[in-house]
Structure formats: structure tokens, C-alpha cells
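Structure file query.cif with mmCIF, C-alpha atoms:
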data_start
#
loop_
_atom_site.label_atom_id
_atom_site.label_comp_id
_atom_site.auth_asym_id
_atom_site.auth_seq_id
_atom_site.Cartn_x
_atom_site.Cartn_y
_atom_site.Cartn_z
CA MET R 1 -18.92 -20.01 -22.16
CA PHE R 2 -20.10 -16.82 -20.47
CA ARG R 3 -17.52 -14.71 -18.64
CA SER R 4 -18.06 -11.81 -16.27
CA LEU R 5 -17.98 -8.49 -18.11
CA ARG R 6 -17.24 -6.82 -14.79
CA MET R 7 -13.99 -8.76 -14.50
CA GLU R 8 -13.11 -8.04 -18.12
CA ASN R 9 -12.99 -4.36 -17.18
CA VAL R 10 -10.63 -4.90 -14.22
CA GLN R 11 -7.00 -4.22 -15.09
CA SER R 12 -4.58 -7.13 -14.94
CA PRO R 13 -2.18 -6.80 -11.98
CA ILE R 14 1.00 -5.24 -13.30
CA ILE R 15 3.51 -6.97 -10.99
CA PRO R 16 3.06 -10.45 -12.56
CA ILE R 17 3.18 -8.92 -16.05
CA VAL R 18 6.49 -7.21 -15.37
CA GLY R 19 7.64 -10.36 -13.55
CA GLU R 20 7.17 -12.41 -16.71
CA LEU R 21 9.25 -9.92 -18.69
CA ILE R 22 11.99 -10.18 -16.05
CA ARG R 23 11.96 -13.97 -16.25
CA ASP R 24 12.29 -13.74 -20.03
CA HIS R 25 15.39 -11.57 -19.64
CA PRO R 26 17.68 -13.21 -17.03
CA GLY R 27 19.97 -10.85 -15.16
CA THR R 28 17.44 -8.03 -15.06
CA ILE R 29 17.60 -5.95 -11.89
CA SER R 30 14.12 -5.23 -10.61
CA LEU R 31 13.25 -1.76 -9.34
CA GLY R 32 9.64 -2.85 -9.51
CA GLN R 33 8.03 -4.78 -6.71
CA GLY R 34 7.43 -3.04 -3.38
CA VAL R 35 8.96 -5.39 -0.81
CA VAL R 36 11.80 -5.17 1.69
CA ALA R 37 15.04 -7.14 1.63
CA TYR R 38 14.87 -8.33 5.24
CA GLY R 39 12.74 -11.08 6.74
CA PRO R 40 10.70 -11.48 9.93
CA PRO R 41 12.30 -10.98 13.37
CA PRO R 42 13.45 -14.03 15.37
CA GLU R 43 10.52 -13.56 17.76
CA ALA R 44 8.15 -14.32 14.87
CA ILE R 45 9.93 -17.55 13.96
CA ALA R 46 10.01 -18.64 17.60
CA GLN R 47 6.22 -18.54 17.77
CA ILE R 48 5.93 -21.28 15.14
CA GLU R 49 6.94 -23.87 17.75
CA HIS R 50 4.08 -22.73 19.99
CA PHE R 51 1.68 -23.10 17.09
CA LEU R 52 2.89 -26.63 16.32
CA ALA R 53 2.72 -27.68 19.97
CA ARG R 54 -1.09 -27.33 20.01
CA PRO R 55 -2.97 -29.88 17.86
CA GLU R 56 -6.16 -27.81 18.05
CA ASN R 57 -4.45 -25.20 15.88
CA ASN R 58 -5.22 -27.40 12.88
CA LYS R 59 -8.87 -26.39 13.25
CA TYR R 60 -10.57 -23.13 12.26
CA HIS R 61 -10.16 -20.23 14.67
CA LEU R 62 -12.07 -17.01 15.27
CA VAL R 63 -12.96 -15.13 12.11
CA THR R 64 -11.52 -11.82 13.35
CA GLY R 65 -8.22 -13.18 14.72
CA ILE R 66 -6.68 -15.11 17.60
CA PRO R 67 -6.94 -13.40 21.02
CA GLN R 68 -3.19 -13.09 21.68
CA LEU R 69 -2.63 -11.27 18.39
CA LEU R 70 -5.66 -9.03 18.80
CA GLU R 71 -4.40 -7.98 22.23
CA LYS R 72 -0.97 -7.03 20.85
CA ILE R 73 -2.54 -5.09 17.99
CA ARG R 74 -4.77 -3.17 20.42
CA ASP R 75 -1.72 -2.22 22.46
CA LYS R 76 0.16 -1.14 19.34
CA LEU R 77 -2.75 0.95 18.04
CA ARG R 78 -3.18 2.67 21.40
CA THR R 79 0.48 3.50 21.96
CA GLU R 80 1.67 4.19 18.41
CA ASN R 81 -1.39 5.40 16.50
CA ASN R 82 -3.47 6.89 19.31
CA ILE R 83 -6.39 4.71 18.18
CA ALA R 84 -8.50 3.12 20.91
CA VAL R 85 -10.29 -0.10 20.04
CA ASP R 86 -13.30 0.34 22.29
CA GLY R 87 -17.07 0.07 22.05
CA GLY R 88 -17.25 2.33 19.01
CA THR R 89 -14.33 0.80 17.10
CA ALA R 90 -13.86 -2.79 15.94
CA LEU R 91 -10.71 -4.70 14.97
CA CYS R 92 -10.19 -7.53 12.50
CA VAL R 93 -7.04 -9.41 11.45
CA THR R 94 -6.93 -10.00 7.69
CA ALA R 95 -4.82 -11.81 5.11
CA GLY R 96 -2.91 -8.64 4.30
CA ALA R 97 -4.04 -5.04 3.84
CA ASN R 98 -5.40 -5.84 0.35
CA MET R 99 -8.00 -8.10 1.93
CA ALA R 100 -8.78 -5.44 4.51
CA PHE R 101 -9.47 -2.97 1.71
CA LEU R 102 -11.79 -5.37 -0.11
CA ASN R 103 -13.56 -6.11 3.18
CA ALA R 104 -14.11 -2.38 3.62
CA ILE R 105 -15.47 -1.80 0.11
CA LEU R 106 -17.88 -4.73 0.30
CA ALA R 107 -19.06 -3.62 3.76
CA ILE R 108 -19.89 -0.02 2.83
CA CYS R 109 -20.83 -0.10 -0.87
CA ASP R 110 -23.59 -1.41 -3.09
CA PRO R 111 -23.16 -2.01 -6.84
CA GLY R 112 -22.88 1.31 -8.65
CA ASP R 113 -21.60 3.25 -5.64
CA GLU R 114 -18.51 5.43 -6.04
CA VAL R 115 -15.18 5.50 -4.21
CA ILE R 116 -12.76 8.43 -4.57
CA LEU R 117 -9.16 7.43 -5.25
CA LEU R 118 -6.46 10.12 -5.24
CA THR R 119 -4.18 9.80 -8.25
CA PRO R 120 -1.68 8.35 -8.28
CA TYR R 121 -3.46 5.51 -6.50
CA TYR R 122 -2.53 1.94 -5.58
CA PHE R 123 -3.69 -0.23 -8.46
CA ASN R 124 -5.16 -3.00 -6.27
CA HIS R 125 -7.51 -0.42 -4.76
CA GLU R 126 -8.97 0.36 -8.16
CA MET R 127 -9.23 -3.35 -8.92
CA ALA R 128 -11.06 -4.06 -5.65
CA VAL R 129 -13.59 -1.28 -6.26
CA GLN R 130 -14.33 -2.64 -9.74
CA ILE R 131 -14.54 -6.23 -8.53
CA ALA R 132 -17.22 -5.04 -6.09
CA ASP R 133 -19.13 -3.68 -9.11
CA CYS R 134 -18.54 -0.12 -7.92
CA ARG R 135 -17.04 2.86 -9.68
CA PRO R 136 -13.57 4.20 -8.85
CA VAL R 137 -13.46 8.00 -9.18
CA PRO R 138 -9.90 9.24 -9.78
CA VAL R 139 -9.22 12.68 -8.32
CA PRO R 140 -5.96 14.43 -9.23
CA THR R 141 -3.51 15.60 -6.59
CA ASP R 142 -1.23 18.63 -6.94
CA ASP R 143 2.12 18.65 -8.74
CA ALA R 144 3.81 17.22 -5.63
CA CYS R 145 1.19 14.42 -5.37
CA HIS R 146 -0.50 15.88 -2.28
CA PRO R 147 -4.30 16.01 -1.85
CA VAL R 148 -6.31 19.05 -2.91
CA LEU R 149 -9.51 19.24 -0.87
CA SER R 150 -11.39 21.37 -3.41
CA LYS R 151 -10.90 18.70 -6.08
CA ILE R 152 -12.21 16.02 -3.71
CA GLU R 153 -15.25 18.17 -2.93
CA GLN R 154 -16.01 18.62 -6.62
CA ALA R 155 -15.89 14.84 -7.23
CA VAL R 156 -18.49 13.90 -4.61
CA THR R 157 -21.96 12.79 -5.78
CA ASP R 158 -24.91 11.21 -4.06
CA ARG R 159 -23.35 7.81 -4.86
CA THR R 160 -20.01 8.57 -3.19
CA ARG R 161 -19.35 6.32 -0.20
CA ALA R 162 -15.67 6.85 0.68
CA VAL R 163 -12.48 8.82 0.12
CA VAL R 164 -9.29 6.73 0.11
CA THR R 165 -5.92 8.09 1.25
CA ILE R 166 -2.56 6.30 1.24
CA SER R 167 0.10 7.83 3.44
CA PRO R 168 3.01 7.24 3.21
CA ASN R 169 2.03 6.89 -0.40
CA ASN R 170 2.35 4.08 -2.90
CA PRO R 171 3.41 4.87 -5.64
CA ALA R 172 4.63 8.46 -5.08
CA GLY R 173 6.38 8.08 -1.72
CA VAL R 174 4.90 11.32 -0.39
CA VAL R 175 3.76 11.68 3.22
CA TYR R 176 0.49 13.55 3.61
CA SER R 177 0.57 16.30 6.20
CA GLU R 178 -1.50 16.16 9.37
CA THR R 179 -3.33 19.24 8.11
CA ALA R 180 -4.30 17.63 4.80
CA LEU R 181 -5.48 14.43 6.48
CA ARG R 182 -7.46 16.42 9.03
CA GLN R 183 -9.16 18.40 6.26
CA ILE R 184 -10.17 15.20 4.48
CA SER R 185 -11.34 13.61 7.72
CA ASP R 186 -13.46 16.64 8.61
CA PHE R 187 -14.91 16.75 5.11
CA CYS R 188 -15.86 13.06 5.26
CA ARG R 189 -17.52 13.60 8.62
CA ARG R 190 -19.55 16.54 7.34
CA ARG R 191 -20.66 14.71 4.20
CA GLY R 192 -21.38 11.37 5.85
CA LEU R 193 -18.59 9.57 3.99
CA TYR R 194 -16.09 6.98 5.15
CA HIS R 195 -12.41 7.85 5.16
CA ILE R 196 -10.42 4.74 4.21
CA SER R 197 -6.84 5.28 5.38
CA ASP R 198 -4.20 2.88 4.05
CA GLU R 199 -1.24 3.02 6.45
CA ALA R 200 0.81 0.02 5.29
CA TYR R 201 4.00 2.12 5.16
CA GLU R 202 3.53 3.89 8.50
CA TYR R 203 7.10 3.28 9.70
CA PHE R 204 8.82 4.28 6.45
CA THR R 205 9.34 8.03 6.76
CA TYR R 206 12.46 10.13 6.22
CA ASP R 207 13.81 13.67 6.52
CA GLY R 208 11.95 14.32 9.77
CA ARG R 209 8.49 13.64 8.34
CA ARG R 210 5.89 12.00 10.61
CA HIS R 211 3.04 9.64 9.91
CA PHE R 212 -0.46 10.45 11.22
CA SER R 213 -3.45 8.13 11.63
CA PRO R 214 -6.72 9.92 10.77
CA ALA R 215 -8.68 7.71 13.19
CA SER R 216 -6.76 9.43 16.00
CA PHE R 217 -8.37 12.81 15.29
CA ALA R 218 -11.16 13.79 17.68
CA GLY R 219 -14.31 12.12 16.35
CA GLY R 220 -12.36 10.56 13.47
CA ALA R 221 -12.81 6.93 14.46
CA ALA R 222 -16.57 7.16 13.87
CA HIS R 223 -16.11 7.37 10.10
CA THR R 224 -12.55 6.09 9.52
CA ILE R 225 -11.53 2.64 8.29
CA SER R 226 -7.80 2.19 8.94
CA LEU R 227 -5.74 -0.44 7.12
CA PHE R 228 -2.41 -1.79 8.37
CA SER R 229 0.02 -4.48 7.25
CA LEU R 230 2.95 -6.47 8.57
CA SER R 231 4.20 -7.16 5.02
CA LYS R 232 6.60 -4.24 4.80
CA ALA R 233 7.59 -3.37 8.37
CA TYR R 234 8.27 -6.96 9.46
CA GLY R 235 9.32 -8.61 6.19
CA PHE R 236 6.04 -10.53 6.26
CA ALA R 237 4.93 -10.25 2.61
CA SER R 238 4.17 -13.92 1.94
CA TRP R 239 2.85 -14.56 5.47
CA ARG R 240 -0.25 -12.50 4.56
CA ILE R 241 -1.15 -10.72 7.78
CA GLY R 242 -2.74 -7.30 8.01
CA TYR R 243 -5.49 -5.77 10.12
CA MET R 244 -8.18 -3.13 10.00
CA THR R 245 -10.01 -0.92 12.46
CA PHE R 246 -13.45 0.40 11.60
CA PRO R 247 -16.67 1.74 13.14
CA SER R 248 -18.36 -1.01 15.17
CA HIS R 249 -21.60 -0.83 13.21
CA LEU R 250 -19.74 -2.39 10.27
CA GLU R 251 -18.59 -5.42 12.25
CA PRO R 252 -21.48 -7.77 11.28
CA ALA R 253 -20.85 -7.06 7.59
CA VAL R 254 -17.06 -7.46 7.88
CA LYS R 255 -17.49 -10.79 9.66
CA LYS R 256 -19.82 -12.08 6.93
CA ILE R 257 -17.38 -11.05 4.20
CA GLN R 258 -14.33 -12.48 5.90
CA ASP R 259 -16.02 -15.73 6.89
CA THR R 260 -17.05 -16.26 3.27
CA ASN R 261 -13.71 -15.43 1.68
CA LEU R 262 -11.29 -16.71 4.29
CA ILE R 263 -13.05 -18.22 7.34
CA CYS R 264 -10.08 -17.08 9.43
CA PRO R 265 -6.62 -15.63 8.71
CA PRO R 266 -3.89 -18.33 8.57
CA VAL R 267 -3.39 -19.22 12.21
CA ILE R 268 0.28 -20.14 11.86
CA SER R 269 0.90 -16.68 10.40
CA GLN R 270 -1.08 -15.08 13.22
CA TYR R 271 1.17 -16.77 15.79
CA ALA R 272 4.21 -15.43 13.90
CA ALA R 273 2.61 -11.97 13.77
CA ALA R 274 2.16 -11.98 17.53
CA GLY R 275 5.88 -12.68 17.82
CA ALA R 276 6.69 -9.90 15.37
CA LEU R 277 4.72 -7.40 17.45
CA GLU R 278 6.72 -8.51 20.48
CA ALA R 279 9.80 -7.30 18.61
CA GLY R 280 7.83 -4.15 17.84
CA ALA R 281 8.46 -1.09 15.72
CA ALA R 282 12.07 -0.98 16.90
CA TYR R 283 12.77 -3.96 14.65
CA CYS R 284 11.65 -2.08 11.56
CA ARG R 285 13.42 1.11 12.56
CA ARG R 286 16.71 -0.79 12.83
CA GLN R 287 16.25 -1.90 9.22
CA LEU R 288 15.58 1.67 8.11
CA THR R 289 19.26 2.52 8.49
CA ALA R 290 20.16 0.27 5.56
CA ILE R 291 17.12 1.40 3.55
CA GLU R 292 18.06 5.04 4.06
CA ARG R 293 21.58 4.38 2.77
CA VAL R 294 20.10 2.85 -0.38
CA ARG R 295 17.66 5.76 -0.62
CA ARG R 296 20.55 8.26 -0.61
CA ILE R 297 22.28 6.35 -3.40
CA VAL R 298 19.12 6.29 -5.49
CA THR R 299 18.36 9.96 -4.80
CA ASP R 300 21.85 11.15 -5.70
CA GLU R 301 21.89 9.18 -8.95
CA LEU R 302 18.39 10.23 -10.00
CA ASN R 303 19.33 13.87 -9.52
CA THR R 304 21.86 13.49 -12.36
CA LEU R 305 19.01 13.05 -14.83
CA GLY R 306 18.39 16.79 -14.85
CA ASP R 307 15.60 17.90 -17.16
CA LEU R 308 15.04 14.39 -18.47
CA CYS R 309 12.46 13.76 -15.77
CA THR R 310 10.62 15.28 -12.83
CA ILE R 311 10.84 13.42 -9.51
CA SER R 312 8.11 13.57 -6.87
CA PRO R 313 9.54 14.87 -3.55
CA ALA R 314 9.21 11.58 -1.69
CA ALA R 315 9.70 11.42 2.08
CA GLY R 316 8.07 8.07 2.78
CA ALA R 317 7.57 4.43 1.77
CA PHE R 318 10.38 3.28 -0.56
CA TYR R 319 9.31 4.60 -3.93
CA TYR R 320 10.09 7.37 -6.35
CA LEU R 321 7.67 8.40 -9.07
CA LEU R 322 9.37 9.75 -12.18
CA LYS R 323 7.65 11.80 -14.86
CA ILE R 324 9.72 11.27 -17.99
CA ASP R 325 9.98 14.05 -20.54
CA THR R 326 8.76 12.02 -23.50
CA ASP R 327 5.62 11.22 -25.46
CA MET R 328 6.49 7.53 -25.32
CA ASP R 329 3.96 5.15 -23.73
CA ALA R 330 5.10 4.17 -20.23
CA MET R 331 4.56 0.43 -20.79
CA HIS R 332 6.53 0.56 -24.02
CA LEU R 333 9.35 2.34 -22.22
CA THR R 334 9.20 -0.24 -19.42
CA GLU R 335 9.53 -3.10 -21.90
CA ARG R 336 12.50 -1.46 -23.62
CA LEU R 337 14.27 -0.84 -20.31
CA ILE R 338 13.97 -4.54 -19.49
CA ARG R 339 14.90 -5.85 -22.93
CA GLU R 340 17.69 -3.43 -23.78
CA HIS R 341 19.11 -2.35 -20.41
CA GLY R 342 18.27 -5.12 -17.93
CA VAL R 343 16.35 -2.99 -15.44
CA ALA R 344 12.66 -3.24 -14.52
CA VAL R 345 10.28 -0.51 -13.35
CA ILE R 346 6.49 -0.18 -13.08
CA PRO R 347 4.60 1.98 -15.62
CA GLY R 348 2.55 4.80 -14.17
CA ARG R 349 -0.65 4.09 -16.07
CA THR R 350 -1.42 1.24 -13.68
CA PHE R 351 -1.61 3.87 -10.90
CA GLY R 352 -4.19 5.94 -12.76
CA LEU R 353 -1.70 8.27 -14.45
CA GLU R 354 -3.21 8.29 -17.92
CA GLU R 355 -1.51 11.46 -19.20
CA GLY R 356 2.26 11.64 -19.42
CA CYS R 357 4.93 8.98 -19.10
CA TYR R 358 5.38 8.01 -15.44
CA LEU R 359 7.55 5.26 -13.95
CA ARG R 360 7.59 4.00 -10.36
CA ILE R 361 10.83 2.68 -8.95
CA SER R 362 11.21 0.83 -5.66
CA PHE R 363 14.40 0.76 -3.61
CA GLY R 364 12.99 -1.29 -0.70
CA PRO R 365 14.43 -4.70 -1.64
CA LEU R 366 17.86 -3.49 -2.83
CA GLN R 367 21.28 -3.88 -1.30
CA GLU R 368 23.69 -0.99 -1.87
CA GLN R 369 25.69 -2.62 -4.67
CA THR R 370 22.55 -3.75 -6.49
CA ALA R 371 21.03 -0.30 -6.07
CA ARG R 372 24.04 1.37 -7.66
CA GLU R 373 24.01 -0.99 -10.62
CA GLY R 374 20.23 -0.88 -11.03
CA ILE R 375 20.06 2.91 -11.01
CA ARG R 376 23.04 3.11 -13.37
CA ARG R 377 21.18 0.87 -15.81
CA LEU R 378 18.03 2.96 -15.45
CA ILE R 379 19.88 6.23 -16.08
CA ASP R 380 21.72 4.76 -19.07
CA GLY R 381 18.47 3.37 -20.41
CA LEU R 382 16.50 6.59 -20.06
CA THR R 383 19.37 8.60 -21.54
CA ASN R 384 19.75 6.30 -24.53
CA ILE R 385 16.07 5.63 -25.19
CA VAL R 386 14.45 8.97 -24.46
CA ARG R 387 17.14 11.37 -25.65
CA LYS R 388 17.73 9.58 -28.97
#

Show me, as C-alpha cells, the structure contained in the file I just sent.
Amino acid sequence: MFRSLRMENVQSPIIPIVGELIRDHPGTISLGQGVVAYGPPPEAIAQIEHFLARPENNKYHLVTGIPQLLEKIRDKLRTENNIAVDGGTALCVTAGANMAFLNAILAICDPGDEVILLTPYYFNHEMAVQIADCRPVPVPTDDACHPVLSKIEQAVTDRTRAVVTISPNNPAGVVYSETALRQISDFCRRRGLYHISDEAYEYFTYDGRRHFSPASFAGGAAHTISLFSLSKAYGFASWRIGYMTFPSHLEPAVKKIQDTNLICPPVISQYAAAGALEAGAAYCRRQLTAIERVRRIVTDELNTLGDLCTISPAAGAFYYLLKIDTDMDAMHLTERLIREHGVAVIPGRTFGLEEGCYLRISFGPLQEQTAREGIRRLIDGLTNIVRK
């Protein structure tokens, strides 16, 4: 039977592939998947009773989100991101930030259009662009994984529709500066492009670094599509709640896309999300204390690798990107680390890093003892595999 050639060209998601290898090797410590160890706040759980108390909640609700959640998101955007959801800006609750990204691509692109992704990029972004029958255009960053405006300018064609930024970044963990984001925003405005800003890790910054929302720049909201998620900050990964802000002229298209794919975000999860936003950013920031302790452990241990690898100077999210000094294929190295040393990582090729051997490690879901053991296994593995 016929199968879509477009889908044949879309990479297979790497997390399930590595997950199968982990299942085949019990006892493996995963430094792979980007989740947090903690769960939702009590305020989120408490809202489930309110959901269950209303029989009408078994029916479909508004395509863009329930009113009580939309109100809390508007307040959060205004006070924390300096983004006003007014006549020129629309808001939509989605089933996670991945869905928000796909909504955005389908709303602004036609088949054959191009979307600029800064390497290293989030693999699901590339997949979404290809699923929409569009062309992802990888643009290299500098040696520290920060954007270089001149390279973005050189990549633009008459088919370019958007530039995508991820800050704090997955997979490199870098936090883009306000200056860099402003340059990209201004460039998009001048060229009539959309700036898609993925801000799923907005609360995860360290060493005094700050997160900036490009839609907050003067005039920025008119061409910026901002993506947010509760998955990381509120331990909400499987609850599938995110949201997006975008220029109001895109609202009819976004509603058509979301109604077709989802009808409405899961209402029970929306109730829980409203409770989570009652707890607010303070809930996440309390969890950061434990994450920062694990981060210090990981950082100190990685620094013992010396010239065996180069580590991106990460100040955000909960990732480190390692460039290993070897000609070995990153997926092959990943498989050997799992089979021979019981530790899992994510190969860099899935993030668009075609040249060199890159590995992404995540410390978000780790407790201190597990982090020490996992990093010890990684260091032993890299030392034994690469140096022999």
C-alpha cells in the first residue's frame, strides 16, 4: 500500500528509540529525557474535584481554552513576561508546546515554505516543519551555541516565513541575551518574518542569567509567536498543557487547526493548570534549589573530563551539550554507553548536529545520589570507549 513519502523523510523521535535501549538493559541510568523529578503542586490536584463536580465538563469546551485558565495565563503573561493579550494579540491553550509549534507552522506556512532553525535545534521542531511539507533551514550558531545574526540574514530567501529561537535552549542549555533576541526580533520585523519564540524553560536559569520574552519588545508582539509550557515548570509533562500567544490576524487559522486536531485541550488538565498557576512561579523556583544542587554535581564531574570533550557554557534549562573528541558516530557511542556502562544520553545528530560527535545530557529528573552515579558511569564510559 502507498505510504507518504513526506513522512518517510521525517526523523523518528529519538526519545522512544533510546527508551527501548534502556528497557533492553535494566538498571540503566537515564541522562536522556528532559523532564523534572517533581510533580504538580497541590493546588493543581485540588482543582480536579471542581472538574468532577460539574457534569457538563464531560462535553467539549471552547477550542482556545476554558475562561478561568485563560484569565490566569493573561495575568501571568502581563506580570512575568510583559506581554499584553489585547486587541492585537491572541491567546490559545494547547496540548503542550509541541502542539503550539505545529499550530504556528500550519498557520503561517504553505507547502514548500522555509523555516529557519538555529542549530542545535529541538528535534520536534524539525519534525513539525517537515510534517507540514515545509523545509527546515538549519543555521549554525557560534561556538558557544549563541545566535549569529549575519548567518540568519544569509539564510533568508523569498520562501522564508519564520525564524525560531529557543531560550533557555534545548539541547544546549544556553540562555540567549536580550541583545541577541532583540536583534533577531528587529530583523524579523524588517523582513516581514515571524519570530517563533519557544520559552518552555523560562524559569530554569542559573548564575544570574535572565530570561527575556521577545514579544515584550516594543512592536515585537506584531510578528512574534510565543510558546509556553507547564510540562517542566509545574511537573505537568503527561498532563499536556501549553499555550501560545500570536498576532490576532492568525487567530482564525489557529482555531481551524486546533479544532481539527484536538477540538479542545483536555478540560480536566486545564482545571489542573489553573490550579498550578495559582501556585505560580514560586512553586517552580522552590524546586530549583534541588535542581541547582544536582547541576553543581554534574558540572563538577564533567569538568574532570578535561580535553576529552568540550562543554557548552549552559546557564539555563537542565541540559549540557558535550562535543566528544572522537570520530565515532554519536548514535554508536550512545548505544555502547547503554550496553557497556549502563548510562543513557541523547545523540547530537537528532538536534541537527551532523558534524562531530555530540551528546546531550539532562539532569532535570535526577536526585543527587542518582546524578553522582549516572555521571560517574558516563565519565567511565567515555574514558574507556573514546580513549581506547

Give me the residues within 8 Å of range 66-83 of chain R as a list in words, counting all atoms listed in the file and dropping any in the same chain fewer than 4 places off.
His61, Leu62, Leu91, Cys92, Val93, Phe212, Ser213, Ala215, Ser216, Ala221, Val267, Gln270, Tyr271, Ala273, Ala274, Leu277 and Glu278 of chain R

Near Trp239 in chain R, within 9 Å and counting all atoms listed in the file, which residues show up once chain neighbours fewer than 5 positions away are dropped, as a PyMOL selection string?
chain R and resi 95-96+230-231+266+268-270+272-273

Close residues, Arg293 in chain R itself excluded, 12 Å, all atoms listed in the file, min 6 positions apart in chain, as a short mmCIF file (atom, residue, chain, number, x, y, z; two decimals) with C-alpha atoms, in the frame of the given file:
data_model
loop_
_atom_site.label_atom_id
_atom_site.label_comp_id
_atom_site.auth_asym_id
_atom_site.auth_seq_id
_atom_site.Cartn_x
_atom_site.Cartn_y
_atom_site.Cartn_z
CA TYR R 206 12.46 10.13 6.22
CA GLN R 287 16.25 -1.90 9.22
CA THR R 299 18.36 9.96 -4.80
CA ASP R 300 21.85 11.15 -5.70
CA PHE R 318 10.38 3.28 -0.56
CA PHE R 363 14.40 0.76 -3.61
CA GLY R 364 12.99 -1.29 -0.70
CA LEU R 366 17.86 -3.49 -2.83
CA GLN R 367 21.28 -3.88 -1.30
CA GLU R 368 23.69 -0.99 -1.87
CA GLN R 369 25.69 -2.62 -4.67
CA ALA R 371 21.03 -0.30 -6.07
CA ARG R 372 24.04 1.37 -7.66
#

What's the 10 Å shell around range 187-199 of chain R, counting all atoms listed in the file, without same-chain residues fewer than 3 positions away, as a ChimeraX atom specification?
/R:97-98,100-101,104-105,108,115-117,122,125,149,152-153,156,158,160-170,181-184,202-203,211-215,219-229,244-247

Residues near range 303-315 of chain R, cut-off 6 Å, all atoms listed in the file, skip fewer than 3 positions along chain, as an mmCIF file with C-alpha atoms, in the coordinates of the input:
data_model
loop_
_atom_site.group_PDB
_atom_site.id
_atom_site.type_symbol
_atom_site.label_atom_id
_atom_site.label_comp_id
_atom_site.auth_asym_id
_atom_site.auth_seq_id
_atom_site.Cartn_x
_atom_site.Cartn_y
_atom_site.Cartn_z
ATOM 1 C CA ALA R 144 3.810 17.220 -5.630
ATOM 2 C CA GLY R 173 6.380 8.080 -1.720
ATOM 3 C CA VAL R 174 4.900 11.320 -0.390
ATOM 4 C CA THR R 205 9.340 8.030 6.760
ATOM 5 C CA TYR R 206 12.460 10.130 6.220
ATOM 6 C CA ASP R 300 21.850 11.150 -5.700
ATOM 7 C CA LEU R 321 7.670 8.400 -9.070
ATOM 8 C CA LEU R 322 9.370 9.750 -12.180
ATOM 9 C CA LYS R 323 7.650 11.800 -14.860
ATOM 10 C CA ILE R 324 9.720 11.270 -17.990
ATOM 11 C CA ASP R 325 9.980 14.050 -20.540
#

Report, in Å to a single decimal, how far apart CA of Phe204 in chain R and CA of Gly280 in chain R are.
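If I compute the distance from CA of Gly280 in chain R to CA of Phe204 in chain R, I get 14.2 Å.
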
Among the residues R:Leu250, R:Asp327, R:Pro40, R:Met127, the one that comes closest to Ser238 in chain R [using all atoms listed in the file]:
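Looking at the shortest contact to Ser238 in chain R, the residue is R:Pro40.
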
Could you give me, as a PyMOL selection string, the residues that have an atom at most 12 Å away from the point (13.4, -11.9, -16.1) in the coordinates of the file, using only C-alpha atoms?
chain R and resi 16-30+32+335+337-339+341-344

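Reported to one decimal place, the separation of CA of Pro171 in chain R from CA of Ala200 in chain R is 12.2 Å.
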
Using the chain letters and numbers from this file, what does the PyMOL selection byres ((chain R and resi 12) around 12) select? Give the answer as a ChimeraX atom specification.
/R:7-11,13-18,123-124,126-128,130-131,349-350

Starting from the PyMOL selection byres ((chain R and resi 145) around 8), expand the selection into actual residues of this file and give them as a PDB file with C-alpha atoms, in the coordinates of the input.
ATOM      1  CA  THR R 119      -4.180   9.800  -8.250  1.00  0.00           C
ATOM      2  CA  PRO R 120      -1.680   8.350  -8.280  1.00  0.00           C
ATOM      3  CA  THR R 141      -3.510  15.600  -6.590  1.00  0.00           C
ATOM      4  CA  ASP R 142      -1.230  18.630  -6.940  1.00  0.00           C
ATOM      5  CA  ASP R 143       2.120  18.650  -8.740  1.00  0.00           C
ATOM      6  CA  ALA R 144       3.810  17.220  -5.630  1.00  0.00           C
ATOM      7  CA  HIS R 146      -0.500  15.880  -2.280  1.00  0.00           C
ATOM      8  CA  PRO R 147      -4.300  16.010  -1.850  1.00  0.00           C
ATOM      9  CA  ALA R 172       4.630   8.460  -5.080  1.00  0.00           C
ATOM     10  CA  VAL R 174       4.900  11.320  -0.390  1.00  0.00           C
ATOM     11  CA  SER R 312       8.110  13.570  -6.870  1.00  0.00           C
TER      12      SER R 312
END

Separation of CA of Leu52 in chain R from CA of Lys255 in chain R in Å
26.7 Å

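Distance annotation: of R:Arg135, R:Arg54, R:Lys232, R:Arg6, the residue with the minimal separation from Tyr38 in chain R is R:Lys232; atom set is all atoms listed in the file.
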
Nearest-residue call for Ser362 in chain R, choices R:Ala44, R:Gly381, R:Leu333, R:Ile291, using only C-alpha atoms:
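Among R:Ala44, R:Gly381, R:Leu333, R:Ile291, it is R:Ile291 that comes nearest to Ser362 in chain R.
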